[in-house]
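Working notes for the structure below.
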Amino acid sequence: MSEDSFLREVEEELRSDKLKAFWRRFAPFVIGGALLIVVLVGANEVWKWWRTSTAATASDQYYAAVALVESGDLDAATAALSELEADGPEGYATLARFHQARVLSAAGDAEGAIAAYDALAAGLDQPRLRELAYVLAGYLAVDHLDVAAVETRVGSLTGEDSALRNSAREALGLAHYKAGNVDDARALFEQMASDPLAGQDMQLRAFVYLEQLASTGVEVSEDILDPDSAAEAALESLDLEALDLEGLDTPVVPAAE
């Protein structure tokens, strides 16, 4: 064997020994890292499956509870909604709380429903859902509490930056009308009628309120009730026979006492 061949064999043995030593030193970390990746991937897949499965179950429970509400079986609906609130995902639990307040209202417990909406709003992190809870409480408060109670719930939502401003204006306007504050009511209804972003049903109700106020002698802005105005033209273009007026949640302003 030549000297060069011998040296090469020695070098190869040394490299082999170093590799073995390196592997013995770091193998636990390499294997542990690989296992960790496998565990994380598997856990992520299990988590996605669990969320999908849980959401599907919660969805079925939610729609079954809503069907019970619609059918008038309020006791069974309350039990189903309570179960969903306790065990369902956060989104469905929140929806269940909204419907529980609705069940209280349907059962004739307006004060309980208002309290439920208030509690829901106080515990919500999402601004839009919190505003919705206050508006729903405000609508109920129109018939059962005073103007101050409605103002407390929706007064801060009547500004232009609120997505629910016209619903808040409607609730507060009705409360003012009921209390005899016709000028405050008129101003709020005019804001609803002149808002270009108001929905068709919302604007229709605003025009009806204003027409009725005008018929009792309240001075209403001529720009809004002007037959040539774009708003009035839009009202006249509505197919009132096809419009589901019975589906409106808020009653027309009663005749002035």
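FYI, nothing fancy with the structure tokens labels: chains A, B, ... in order, residues from 1 per chain, ligands from 1 as they appear.
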
- Message: Report as a ChimeraX atom specification all protein, DNA and RNA residues lying within 12 Å of A:Tyr139, evaluated on only C-alpha atoms, omitting residues in the same chain fewer than 3 positions from it.
- Response: /A:105,110-111,113-114,117,132-136,142-147,149-151,153-154,167-175,249-251

- In Å to one decimal, how far is atom CA of A:Gly199 from atom CA of A:Val69?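 Computed distance, atom CA of A:Val69 to atom CA of A:Gly199, equals 26.9 Å.
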
- Task: Would you return as number ranges by chain the members of stretch 131-192 of chain A that DSSP assigns to helix (DSSP H, G or I) on this structure's backbone?
- Result: A: 131-144, 147-157, 165-178, 182-192

- Message: I want to know what sits within 12 Å of A:Glu190, based on only C-alpha atoms, with residues of the same chain fewer than 5 positions away left out; could you give that as an NGL selection string?
- Response: :A and (166 or 169-170 or 173 or 182-185 or 195-196 or 198 or 202-211 or 213-214 or 219-225 or 231)

Resulting file, chosen residues, C-alpha atoms, as a PDB file, in the first residue's frame:
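File written: part04.pdb
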```
ATOM      1  CA  ASN A 166     -80.900  56.145  10.632  1.00  0.00           C
ATOM      2  CA  ARG A 169     -82.672  58.509  14.472  1.00  0.00           C
ATOM      3  CA  GLU A 170     -85.907  56.597  13.945  1.00  0.00           C
ATOM      4  CA  GLY A 173     -87.550  60.427  16.750  1.00  0.00           C
ATOM      5  CA  VAL A 182     -92.580  67.229  17.738  1.00  0.00           C
ATOM      6  CA  ASP A 183     -89.813  69.600  16.631  1.00  0.00           C
ATOM      7  CA  ASP A 184     -87.112  67.197  17.811  1.00  0.00           C
ATOM      8  CA  ALA A 185     -88.949  64.329  16.147  1.00  0.00           C
ATOM      9  CA  ASP A 195     -79.744  60.771   3.935  1.00  0.00           C
ATOM     10  CA  PRO A 196     -78.701  59.462   0.486  1.00  0.00           C
ATOM     11  CA  ALA A 198     -80.643  55.416   3.833  1.00  0.00           C
ATOM     12  CA  MET A 202     -86.105  53.513   5.919  1.00  0.00           C
ATOM     13  CA  GLN A 203     -86.707  56.530   3.679  1.00  0.00           C
ATOM     14  CA  LEU A 204     -90.280  55.456   3.068  1.00  0.00           C
ATOM     15  CA  ARG A 205     -90.974  55.356   6.780  1.00  0.00           C
ATOM     16  CA  ALA A 206     -89.343  58.767   7.219  1.00  0.00           C
ATOM     17  CA  PHE A 207     -91.608  60.281   4.536  1.00  0.00           C
ATOM     18  CA  VAL A 208     -94.674  58.715   6.137  1.00  0.00           C
ATOM     19  CA  TYR A 209     -93.691  60.137   9.516  1.00  0.00           C
ATOM     20  CA  LEU A 210     -93.109  63.592   8.042  1.00  0.00           C
ATOM     21  CA  GLU A 211     -96.331  63.585   6.022  1.00  0.00           C
ATOM     22  CA  LEU A 213     -96.512  65.392  11.151  1.00  0.00           C
ATOM     23  CA  ALA A 214     -97.293  67.916   8.420  1.00  0.00           C
ATOM     24  CA  GLU A 219     -93.891  72.722   9.717  1.00  0.00           C
ATOM     25  CA  VAL A 220     -91.791  70.317   7.673  1.00  0.00           C
ATOM     26  CA  SER A 221     -88.929  71.293   5.364  1.00  0.00           C
ATOM     27  CA  GLU A 222     -90.307  72.149   1.935  1.00  0.00           C
ATOM     28  CA  ASP A 223     -87.238  70.656   0.264  1.00  0.00           C
ATOM     29  CA  ILE A 224     -88.158  67.222   1.560  1.00  0.00           C
ATOM     30  CA  LEU A 225     -91.890  67.283   0.848  1.00  0.00           C
ATOM     31  CA  ALA A 231     -86.577  62.284  -2.547  1.00  0.00           C
TER      32      ALA A 231
END
```

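Take atom CA of A:Ala93 and atom CA of A:Asp161: the distance between them is 28.2 Å.
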
- Mind giving me the straight-line distance from atom CA of A:Thr78 to atom CA of A:Asp60 in Å, one decimal? 15.6 Å

- Item | Selection near A:Leu84, 7 Å with only C-alpha atoms, sequence-local residues under 5 positions removed, as a list in words | Ala58, Gln61, Ala93 and Ala96 of chain A

Keeping only all heavy atoms, write the selected residues as a PDB file, in the first residue's frame.
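Contents of again_0.pdb, freshly written:
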```
ATOM      1  N   ALA A  58     -72.699  23.742  15.493  1.00  0.00           N
ATOM      2  CA  ALA A  58     -73.287  24.966  16.046  1.00  0.00           C
ATOM      3  C   ALA A  58     -74.268  25.595  15.067  1.00  0.00           C
ATOM      4  O   ALA A  58     -75.305  26.125  15.473  1.00  0.00           O
ATOM      5  CB  ALA A  58     -72.191  25.957  16.407  1.00  0.00           C
ATOM      6  N   GLN A  61     -77.476  23.726  15.282  1.00  0.00           N
ATOM      7  CA  GLN A  61     -78.172  24.073  16.532  1.00  0.00           C
ATOM      8  C   GLN A  61     -78.807  25.460  16.435  1.00  0.00           C
ATOM      9  O   GLN A  61     -79.934  25.668  16.895  1.00  0.00           O
ATOM     10  CB  GLN A  61     -77.190  24.038  17.698  1.00  0.00           C
ATOM     11  CG  GLN A  61     -76.704  22.654  18.074  1.00  0.00           C
ATOM     12  CD  GLN A  61     -75.677  22.705  19.204  1.00  0.00           C
ATOM     13  OE1 GLN A  61     -74.776  23.553  19.211  1.00  0.00           O
ATOM     14  NE2 GLN A  61     -75.810  21.816  20.165  1.00  0.00           N
ATOM     15  N   ALA A  93     -72.484  31.829  19.839  1.00  0.00           N
ATOM     16  CA  ALA A  93     -72.920  32.166  21.200  1.00  0.00           C
ATOM     17  C   ALA A  93     -73.471  33.591  21.243  1.00  0.00           C
ATOM     18  O   ALA A  93     -74.477  33.871  21.910  1.00  0.00           O
ATOM     19  CB  ALA A  93     -71.765  32.018  22.176  1.00  0.00           C
ATOM     20  N   ALA A  96     -76.825  33.647  19.637  1.00  0.00           N
ATOM     21  CA  ALA A  96     -77.793  33.052  20.559  1.00  0.00           C
ATOM     22  C   ALA A  96     -78.265  34.081  21.582  1.00  0.00           C
ATOM     23  O   ALA A  96     -79.452  34.133  21.926  1.00  0.00           O
ATOM     24  CB  ALA A  96     -77.179  31.845  21.259  1.00  0.00           C
TER      25      ALA A  96
END
```

- Query: Using only C-alpha atoms, which residues sit within 6 Å of A:Ala101 once same-chain residues fewer than 2 positions away are excluded, as an MDAnalysis selection string?
  - Reply: chainID A and resid 98:99 103:104 113 116
